[in-house]
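To start, the structure itself, in structure tokens.
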Amino acid sequence: MNVMQPIDRIRGGVHEKEKHESGHKHVSGTAEYIDDIPEPAGTLHAYLGLSARAHAEILSIDFAEVGASAGVVGILTADDIPGENDISPAHKHDDPVFATGKVEFHGQPIFAVIATSRDAARRAAAKVKIDYRDLPHVTDVKEAQAANYPLVIDPLKLERGDIDAGFAKAQNVVQGEMRIGGQDHFYLEGHISFAFPGEDDEVTVYASTQHPSETQHMVAQVLGVPSNAVTVNVRRMGGGFGGKETQANLFAAVAAVAARKYRRAVKIRPDRDDDMTATGKRHDFHVDYKIGFDDDGRIEAVDAVFAARCGFSADLSGPVTDRALFHADNCYFYPNVRLRSRPIKTNTVSNTAFRGFGGPQGMVGGERMIEDIAYTLGKDPLEIRKLNFYGGEGRNLTPYHQTVEDNIIGRIIEELELSADYATRREAVLAFNRENHVIKRGIALTPVKFGISFTKTEYNQAAALVHVYTDGSIHLNHGGTEMGQGLYTKVAQVVADEFQVDLDRIKVTATSTGKVPNTSATAASSGSDLNGMAAANAAQQIKARLVNFAAERYGISEADVAFEPNVVRIGSERISFPEFIKTAYTARVQLSAAGFYKTPKIHWNRSEGRGRPFYYYAYGASCSEVSVDTLTGEYQVDRTDIIHDVGKSLNPALDVGQVEGAFVQGMGWLTTEELWWDAKGRLRTHAPSTYKIPLASDRPRIFNVRLAEWSVNREETIRRSKAVGEPPFMLGISVLEAISMAAASVAGYRLPPRIDAPATPERVLMAIERLRGKAATETTR
Amino acid sequence: MTIEIRNTIRFLLNDRLVELADVSPVQTLLDFLRIDRNLRGTKEGCAEGDCGACTVLVGRLLGGQLKYESINACIRFVGSLDGCHVVTVDALAQPSGPLHPVQQAMVDTHASQCGFCTPGFVMSLYGLWMENPKPSVQEIEKALQGNLCRCTGYAAIIRAAEAISSIGEVGKDPLVAERENIGRQLAALQDGRRVVIGKEAERFVLPANVDDFAAVLEADPKATIVAGSTDVGLWVTKFMRDIAPVVHISHLEELRRISVDIDGITLGAGVSYTEAYPVIAQHFPQMRELWDRIGGQQVRNMGTVGGNIANGSPIGDTPPALIALGASVMLRKGARRRTLPVEAFFIEYGKQDREPGEFVEAVRIPFLKEAARFAVYKVTKRLDEDISAVCGAFRVTLDGRGKIADAAIAFGGMAGTPKRASKVEAALKGADWTDATVETAVAAFAEDFTPLTDWRASAEYRMLVAKNLLRRFYLETQEAGRVRLDRAVAVAV
């Protein structure tokens with residue numbers, strides 16, 4: 001037994017600013033994405049043929065030229081699907097792989113061409129001749145409501161108190177409506193799947209998916225084989241953001257069907273334009289609201305309807321619109337409230353998960369109401385926000401009857417007001433606006449409270465697989481997927497911490513349905529909460545066996561066995577981790593374990609609109625200052641300050657990266673990212689040339705981001721950390737609110753500016769014109 | 001004069017000489033790297049030159065000087081690389097060796113998340129660092145206008161860019177240290193021959209010189225002329241159009257000449273935006289912001305002013321400014337040359353005054369007269385790397401008594417071609433340069449233009465902005481304080 005010198009701590013444990021586990025591979029181009037996997041000889045390529053109509057019957061399809069095109073091996077239609085032609089994640093049977101008989105949106109897949117090269121398949125697919133009979137179509141929420149389009153899934157109602165009494169009591173009642181645009185994910189790696197046929201009915205699919213288990217089950221359903229015949233693997237995605245939660249299933253299914261049919265490896269990767277046309281996005285919303293408040297700005301009653309453009313099928317529109325309602329209160333107590341969702345069908349691509357999952361749209365609606373109160377009363381919106389925060393006797397109950405128990409928004413706002421120097425800068429902005437007539441400035445400080453947990457309770461479980469090999473190296477696998485957020489790094493840090501070994505002793509391997517089954521999507525910000533706990537559990541099981549073994553072997557109490565940095569202490573002696581492991585192996589100790597975790601305390605009754613859907617809340621706040629050109633509506637973000645709560649951070653470097661990235665993505669959603677459909681129901685902003693996500697030069701000129709380092713999750717989450725993926729996305733709302741203030745300045749801050757989202761330069765300029773016109777009319781009156 | 005012909009193209013790819021005899025005219029560099037050469041570090045994000053995931057460096061000689069520039073491999077045709085050095089991310093660090101300083105800086109600052117855009121950022125920053133080891137934040141932003149990242153929010157990437165020089169010295173960089181040697185190798189590849197690859201409709205040609213180009217095009221007037229391929233590239237990658245036969249001209253040194261005389265600037269049709277920048281910025285500082293906002297850095301390194309005019313976009317980045325400045329385009333067919341005003345070149349949407357077999361040889365931009373005031377404003381949804389909703393250019397000359405002696409106003413995005421606002425000009429000419437005159441004149445925009453509604457802007461917005469840009473121009477001549485955002489990148493020469 002060696003006597004080891006004790007060291008202070010391991011390298012790469014929890015709470016350390018550890019680098020992303022793939023960072024060195026990202027920068028050298030050696031991180032392998034699915035399109036980088038070497039193709040076996042004979043690999044075929046699939047390419048989708050998409051509907052050219054928004055809503056039409058398919059009268060006939062002429063494949064003659066497609067089939068005759070160079071390199072074409074075959075064509076797949078719904079007739080070639082051995083199992084079910086359906087990939088509806090909601091099990092509504094409304095989401096065909098290939099449309100049959102009719103198409104319900106422009107861009108809907110109808111067939112796939114299989115060819116010897118991707119280029120050949122793509123060129124051939126363009127040669128199809130389809131005879132359509134057009135049917136009336138709608139793309140817009142309001143039009144869909146007018147045309148009596150159905151709901152794609154049951155709506156939700158949240159109700160508490162007595163809104164009639166609330167409105168009767170209110171000194172002021174304001175009604176309004178707001179349009180909130182959708183958003184394309186614009187993951188840099190587009191959708192892709194690569195399927196390999198195996199023996200019997202087997203198929204292995206490499207898919208860029210956030211939900212390997214669902215992809216597995218959908219592929220099995222489409223192939224008509226049991227799930228045990230299908231293995232789905234994903235090492236990493238080039239971004240997901242929710243866009244690969246359900247939307248990857250289509251590509252995996254097509255590749256798998258072709259691989260089975262032709263008994264060859266088949267890859268499918270749509271061009272960016274087709275990816276953006278044929279796959280779902282963030283839901284656009286239309287919010288109708290009525291709000292009652294007293295002369296100080298204290299809210300008495302809220303009544304709002306959140307109608308969403310769901311597209312042609314249900315997909316995840318149910319839980320997305322639910323989450324919009326769950327976040328329409330943001331940080332504010334509504335004494336009397338009624339919130340209703342309208343998940344409405346449209347002839348557009350079926351909208352899906354996107355970072356925040358409806359929460360951002362709900363929150364923007366809530367903040368619009370605050371804005372209306374502030375400008376109606378001529379007050380600083382921050383004053384209205386603070387007046388309405390949860391807190392105090394009888395003011396902690398949400399519209400869904402969960403009590404807010406971990407409220408820290410007050411402290412975050414207080415710290416941010418100080419560090420961003422809000423009061424002084426607001427005065428300076430007001431002074432600037434008095435002196436300048438073309439350029440106007442605005443400043444806004446907005447809060448975020450975001451509920452953590454899948455609202456579908458069964459998803460709040462996770463598993464992990466940990467092997468310790470005889471050389472002391474550790475293999476870690478879990479059900480979460482890596483899409484850039486650093487999940488693999490964080491979970492490895494947890495395992496390193498459990499075993500007290502340096503991080504480089506641990507290898508995280510590609511997520512695979514064959515290693516960890518029945519996993520939940522890596523979504524709802526839950527990745528490290530769930531998988532971190534499951535991995536810790538697996539490590540603890542192995543440790544317990546090791547401790548038990550050591551105590552027996554050396555005749556000491558279990559309390560005298562300890563995992564110290566890179567060594568195991570047995571009584572007063574220390575032995576290196578690998579050496580200890582080797583000894584344990586020799587003594588036939590099982591060195592592998594499957595860990596499991598399920599989130600405690602949560603429950604949700606949807607039909608009653610009551611329960612505790614969220615284990616805890618994450619909080620944050622941002623303060624943005626903008627300049628707006630009132631001649632063109634163009635703007636720039638001059639400064640943003642952020643304080644964000646991640647509890648006790650598992651990895652502050654990665655968490656800051658999540659906050660910075662989420663803020664900029666949220667800002668993009670609310671400013672320059674615009675989805676635009678033409679009269680024929682065609683999405684015309686379907687590539688980076690027409691759809692404008694933020695660039696480096698769009699980020700705030702001064703950008704101060706810090707974590708609320710004092711925050712510790714009150715619940716027993718993994719190392720008392722909090723989820724970080726989605727909550728900071730909504731910090732971008734401060735930019736929209738700051739633009740609103742700049743616009744409001746042209747009417748003396750006395751008229752609600754009501755700029756719809758995204759606040760493109762055009763919408764900003766038109767709002768300014770409207771406000772100027774209205775202010776002039778009111779003055780003459 | 002007999003022209004000798006070569007039937008291969010030759011270029012350096014990282015540390016190897018590549019010689020190809022059998023290559024399609026529409027073979028993109030990206031597919032060549034990824035599929036033919038299995039160099040998979042370079043990624044495809046959009047296949048239209050807008051996201052930068054495919055960024056590589058291309059070194060080429062101009063006047064014996066070797067310069068490396070970032071380009072989009074997705075819309076660059078392999079055929080245009082003859083005599084160039086292509087450097088991809090795969091070559092930056094040896095498999096088991098240390099990372100390159102640019103790569104190390106990105107790792108140290110946590111600048112990659114999903115990592116898919118990262119190789120492109122590495123190459124853009126590498127290109128910047130070689131030229132400018134200690135860039136300002138604005139210079140970094142300018143170098144990254146053509147690179148999209150959806151994960152990081154860019155802050156960490158900017159921190160990385162600022163840290164590179166603290167990790168390594170430019171002088172020790174292999175490309176910098178080997179510059180002379182590589183330059184010699186590239187010079188040796190230039191044999192003055194015409195390159196012809198493929199047959200019939202699958203043919204492409206690299207003329208030996210500009211006279212040869214004129215001859216090739218006269219003989220084959222239906223050929224597609226490709227300079228920077230920032231537009232034509234999309235015809236292939238997006239519209240799958242058949243563009244062969246192709247004539248590549250980006251290698252022709254005669255077309256890359258810039259000359260300045262007492263009256264103005266002449267830009268050869270093959271001069272890239274990047275190459276033109278110093279002289280434009282010096283003589284027309286009013287155009288700096290516009291120039292900095294054309295595409296991203298990769299597009300400016302590839303795209304040419306000549307191509308911008310020749311393709312006849314209704315929006316165009318430079319034509320409104322060129323029209324307002326009274327610039328002319330020099331056309332050539334065989335040995336015959338003619339010159340016409342840029343505005344006359346645009347006949348209607350999709351139609352230009354260019355005969356079969358004729359090509360744009362140069363653009364002539366006259367200097368402003370001393371009394372003239374000039375400005376150009378590009379209005380877009382996103383500040384950088386976006387196509388104009390409206391682009392307005394104004395040149396107004398006052399006489400000694402404050403009256404408007406002359407006015408030239410041109411717009412992109414307001415009609416089927418870049419077009420003059422002649423009714424507005426007429427309303428201004430002879431009047432006093434006052435607020436009242438401007439307010440009267442803006443009404444004439446409705447006579448000049450009937451703009452369309454599309455995804456970039458509504459007709460209503462376009463019309464209002466056109467009017468407001470004249471107002472802005474007026475206010476700027478009055479020194480009435482700030483009337484423009486200061487965010488736009490305008491990096492000093």
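Please note that chains go A, B, ... in the order of the structure tokens, that every chain numbers its residues from 1, and that ligands are numbered from 1 in the order shown.
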Show me, as a Markdown table, the residues of segment 130-221 of chain A having an atom within 12 Å of segment 362-376 of chain A, each with the closest atom pair and its distance in Å, using only C-alpha atoms.
| residue | atom | partner | partner_atom | distance |
| --- | --- | --- | --- | --- |
| A:Gln171 | CA | A:Ile373 | CA | 11.6 |
| A:Asn172 | CA | A:Ile373 | CA | 8.8 |
| A:Val173 | CA | A:Ile373 | CA | 9.1 |
| A:Val174 | CA | A:Asp372 | CA | 7.6 |
| A:Gln175 | CA | A:Asp372 | CA | 9.0 |
| A:Gly176 | CA | A:Met369 | CA | 8.4 |
| A:Glu177 | CA | A:Gly365 | CA | 9.0 |
| A:Met178 | CA | A:Gly365 | CA | 7.4 |
| A:Arg179 | CA | A:Gly365 | CA | 9.1 |
| A:Ile180 | CA | A:Val364 | CA | 8.0 |
| A:Gly181 | CA | A:Val364 | CA | 10.9 |
For this session: With a distance cut-off of 12 Å and only C-alpha atoms, select the neighbouring residues of Lys134 of chain B, excluding the residue or stretch itself and same-chain residues fewer than 6 positions from it, and output the selection as number ranges by chain.
Result: B: 125-126, 128, 140, 160-170
Would you write out those residues with all heavy atoms, as an mmCIF file, in the first residue's frame?
data_model
loop_
_atom_site.group_PDB
_atom_site.id
_atom_site.type_symbol
_atom_site.label_atom_id
_atom_site.label_comp_id
_atom_site.auth_asym_id
_atom_site.auth_seq_id
_atom_site.Cartn_x
_atom_site.Cartn_y
_atom_site.Cartn_z
ATOM 1 N N LEU B 125 -11.003 34.663 -37.359
ATOM 2 C CA LEU B 125 -10.114 35.348 -36.408
ATOM 3 C C LEU B 125 -8.649 35.167 -36.802
ATOM 4 O O LEU B 125 -7.826 36.063 -36.598
ATOM 5 C CB LEU B 125 -10.353 34.824 -34.989
ATOM 6 C CG LEU B 125 -11.681 35.228 -34.356
ATOM 7 C CD1 LEU B 125 -11.819 34.628 -32.959
ATOM 8 C CD2 LEU B 125 -11.832 36.749 -34.296
ATOM 9 N N TYR B 126 -8.349 34.023 -37.369
ATOM 10 C CA TYR B 126 -6.980 33.785 -37.843
ATOM 11 C C TYR B 126 -6.636 34.793 -38.947
ATOM 12 O O TYR B 126 -5.584 35.436 -38.931
ATOM 13 C CB TYR B 126 -6.888 32.342 -38.349
ATOM 14 C CG TYR B 126 -5.525 31.862 -38.780
ATOM 15 C CD1 TYR B 126 -4.359 32.442 -38.302
ATOM 16 C CD2 TYR B 126 -5.413 30.786 -39.662
ATOM 17 C CE1 TYR B 126 -3.110 31.966 -38.698
ATOM 18 C CE2 TYR B 126 -4.177 30.306 -40.068
ATOM 19 C CZ TYR B 126 -3.032 30.904 -39.587
ATOM 20 O OH TYR B 126 -1.805 30.437 -39.986
ATOM 21 N N LEU B 128 -7.927 37.672 -39.443
ATOM 22 C CA LEU B 128 -7.805 39.005 -38.841
ATOM 23 C C LEU B 128 -6.471 39.160 -38.135
ATOM 24 O O LEU B 128 -5.753 40.144 -38.323
ATOM 25 C CB LEU B 128 -8.954 39.229 -37.854
ATOM 26 C CG LEU B 128 -8.857 40.482 -36.970
ATOM 27 C CD1 LEU B 128 -8.984 41.755 -37.810
ATOM 28 C CD2 LEU B 128 -9.913 40.471 -35.874
ATOM 29 N N ILE B 140 -12.705 43.637 -34.607
ATOM 30 C CA ILE B 140 -13.087 42.226 -34.420
ATOM 31 C C ILE B 140 -14.519 42.009 -34.921
ATOM 32 O O ILE B 140 -14.798 41.067 -35.662
ATOM 33 C CB ILE B 140 -12.979 41.838 -32.924
ATOM 34 C CG1 ILE B 140 -11.528 41.911 -32.455
ATOM 35 C CG2 ILE B 140 -13.533 40.433 -32.698
ATOM 36 C CD1 ILE B 140 -11.373 41.892 -30.937
ATOM 37 N N ALA B 160 -11.941 36.073 -26.734
ATOM 38 C CA ALA B 160 -10.908 35.225 -27.341
ATOM 39 C C ALA B 160 -10.078 36.025 -28.337
ATOM 40 O O ALA B 160 -8.848 35.974 -28.331
ATOM 41 C CB ALA B 160 -11.558 34.027 -28.034
ATOM 42 N N ALA B 161 -10.764 36.777 -29.174
ATOM 43 C CA ALA B 161 -10.058 37.546 -30.208
ATOM 44 C C ALA B 161 -9.072 38.526 -29.580
ATOM 45 O O ALA B 161 -7.975 38.742 -30.104
ATOM 46 C CB ALA B 161 -11.071 38.294 -31.072
ATOM 47 N N GLU B 162 -9.456 39.072 -28.455
ATOM 48 C CA GLU B 162 -8.574 40.031 -27.785
ATOM 49 C C GLU B 162 -7.388 39.347 -27.114
ATOM 50 O O GLU B 162 -6.379 39.989 -26.835
ATOM 51 C CB GLU B 162 -9.376 40.830 -26.745
ATOM 52 C CG GLU B 162 -10.376 41.784 -27.385
ATOM 53 C CD GLU B 162 -11.225 42.524 -26.358
ATOM 54 O OE1 GLU B 162 -11.740 41.857 -25.434
ATOM 55 O OE2 GLU B 162 -11.361 43.752 -26.481
ATOM 56 N N ALA B 163 -7.533 38.044 -26.857
ATOM 57 C CA ALA B 163 -6.490 37.336 -26.093
ATOM 58 C C ALA B 163 -5.435 36.663 -26.961
ATOM 59 O O ALA B 163 -4.403 36.220 -26.455
ATOM 60 C CB ALA B 163 -7.159 36.292 -25.192
ATOM 61 N N ILE B 164 -5.683 36.569 -28.271
ATOM 62 C CA ILE B 164 -4.805 35.736 -29.116
ATOM 63 C C ILE B 164 -3.340 36.147 -29.014
ATOM 64 O O ILE B 164 -2.455 35.312 -28.819
ATOM 65 C CB ILE B 164 -5.252 35.776 -30.594
ATOM 66 C CG1 ILE B 164 -6.714 35.327 -30.724
ATOM 67 C CG2 ILE B 164 -4.359 34.862 -31.444
ATOM 68 C CD1 ILE B 164 -7.318 35.602 -32.089
ATOM 69 N N SER B 165 -3.110 37.437 -29.097
ATOM 70 C CA SER B 165 -1.713 37.872 -29.138
ATOM 71 C C SER B 165 -0.987 37.700 -27.809
ATOM 72 O O SER B 165 0.243 37.753 -27.762
ATOM 73 C CB SER B 165 -1.618 39.329 -29.620
ATOM 74 O OG SER B 165 -1.736 39.338 -31.032
ATOM 75 N N SER B 166 -1.743 37.476 -26.752
ATOM 76 C CA SER B 166 -1.059 37.190 -25.484
ATOM 77 C C SER B 166 -0.676 35.709 -25.407
ATOM 78 O O SER B 166 0.039 35.297 -24.501
ATOM 79 C CB SER B 166 -1.958 37.576 -24.305
ATOM 80 O OG SER B 166 -3.104 36.751 -24.291
ATOM 81 N N ILE B 167 -1.146 34.926 -26.353
ATOM 82 C CA ILE B 167 -0.838 33.491 -26.357
ATOM 83 C C ILE B 167 0.254 33.161 -27.361
ATOM 84 O O ILE B 167 1.090 32.293 -27.125
ATOM 85 C CB ILE B 167 -2.133 32.688 -26.657
ATOM 86 C CG1 ILE B 167 -3.147 32.893 -25.521
ATOM 87 C CG2 ILE B 167 -1.834 31.198 -26.841
ATOM 88 C CD1 ILE B 167 -4.509 32.325 -25.796
ATOM 89 N N GLY B 168 0.249 33.841 -28.494
ATOM 90 C CA GLY B 168 1.261 33.546 -29.506
ATOM 91 C C GLY B 168 1.604 34.777 -30.316
ATOM 92 O O GLY B 168 0.869 35.758 -30.329
ATOM 93 N N GLU B 169 2.771 34.708 -30.979
ATOM 94 C CA GLU B 169 3.202 35.835 -31.801
ATOM 95 C C GLU B 169 2.891 35.558 -33.257
ATOM 96 O O GLU B 169 3.127 34.453 -33.746
ATOM 97 C CB GLU B 169 4.716 36.031 -31.687
ATOM 98 C CG GLU B 169 5.171 36.624 -30.389
ATOM 99 C CD GLU B 169 6.695 36.609 -30.323
ATOM 100 O OE1 GLU B 169 7.336 36.943 -31.341
ATOM 101 O OE2 GLU B 169 7.215 36.213 -29.265
ATOM 102 N N VAL B 170 2.398 36.574 -33.918
ATOM 103 C CA VAL B 170 2.087 36.415 -35.338
ATOM 104 C C VAL B 170 3.332 35.969 -36.117
ATOM 105 O O VAL B 170 3.252 35.113 -36.994
ATOM 106 C CB VAL B 170 1.552 37.743 -35.920
ATOM 107 C CG1 VAL B 170 1.424 37.636 -37.421
ATOM 108 C CG2 VAL B 170 0.201 38.072 -35.306
#
Problem set entry | Close residues, Asp421 of chain A itself excluded, 12 Å, only C-alpha atoms, min 3 positions apart in chain, as a PyMOL selection string | chain A and resi 413-418+424-428+443-445+623-625+639-641
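Counting from atom CA of Asp201 of chain A, the distance to atom CA of Lys261 of chain A is 10.9 Å.
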Go through chain B residue by residue and, counting only C-alpha atoms, keep those with an atom at most 7 Å from chain A; for each kept residue give the shortest atom pair and its distance in Å to one decimal, ordered by chain and increasing number, as a Markdown table.
| residue | atom | partner | partner_atom | distance |
| --- | --- | --- | --- | --- |
| B:Arg40 | CA | A:Asp36 | CA | 5.9 |
| B:Gly41 | CA | A:Gly29 | CA | 3.8 |
| B:Thr42 | CA | A:Gly29 | CA | 6.8 |
| B:Gly45 | CA | A:Leu188 | CA | 5.4 |
| B:Cys46 | CA | A:Arg272 | CA | 5.2 |
| B:Asp50 | CA | A:Pro688 | CA | 5.8 |
| B:Cys51 | CA | A:Pro688 | CA | 6.8 |
| B:Val89 | CA | A:Ser28 | CA | 6.2 |
| B:Asp90 | CA | A:Gly29 | CA | 6.2 |
| B:Gln103 | CA | A:Val27 | CA | 5.3 |
| B:Val107 | CA | A:Gly23 | CA | 5.5 |
| B:His110 | CA | A:Lys19 | CA | 6.3 |
| B:Ser112 | CA | A:Gly23 | CA | 6.2 |
| B:Gln113 | CA | A:Gly484 | CA | 4.2 |
| B:Cys114 | CA | A:Gly484 | CA | 3.4 |
| B:Gly115 | CA | A:His26 | CA | 4.7 |
| B:Phe116 | CA | A:Gly238 | CA | 5.0 |
| B:Cys117 | CA | A:Leu188 | CA | 6.4 |
| B:Thr118 | CA | A:Val27 | CA | 5.8 |
| B:Pro119 | CA | A:Val27 | CA | 5.6 |
| B:Val122 | CA | A:Val27 | CA | 6.6 |
| B:Glu141 | CA | A:Ser697 | CA | 5.5 |
| B:Leu144 | CA | A:Ala696 | CA | 6.7 |
| B:Gln145 | CA | A:Leu695 | CA | 6.5 |
| B:Leu148 | CA | A:Leu695 | CA | 6.1 |
| B:Arg150 | CA | A:Tyr187 | CA | 6.4 |
| B:Cys151 | CA | A:Gly661 | CA | 5.1 |
| B:Thr152 | CA | A:Gly661 | CA | 4.1 |
| B:Gly153 | CA | A:Gly661 | CA | 3.9 |
| B:Tyr154 | CA | A:Ala696 | CA | 5.4 |
| B:Lys381 | CA | A:Thr672 | CA | 5.9 |
| B:Arg382 | CA | A:Thr672 | CA | 5.9 |
| B:Asp386 | CA | A:Ser689 | CA | 6.9 |
| B:Trp455 | CA | A:Trp676 | CA | 5.8 |
| B:Ala457 | CA | A:Glu762 | CA | 6.9 |
| B:Tyr461 | CA | A:Glu762 | CA | 6.2 |
| B:Val465 | CA | A:Thr632 | CA | 5.7 |
| B:Asn468 | CA | A:Leu631 | CA | 5.5 |
| B:Arg482 | CA | A:Ile439 | CA | 6.9 |
| B:Val483 | CA | A:Val438 | CA | 5.4 |
| B:Arg484 | CA | A:Asp629 | CA | 6.5 |
| B:Leu485 | CA | A:Asp629 | CA | 6.5 |
| B:Arg487 | CA | A:Gln636 | CA | 6.5 |
Problem set entry | Which of segment 565-775 of chain A fall in strand (DSSP E), as a PyMOL selection string | chain A and resi 567-570+573-576+592-598+603-605+610-612+616-629+635-644+702-707
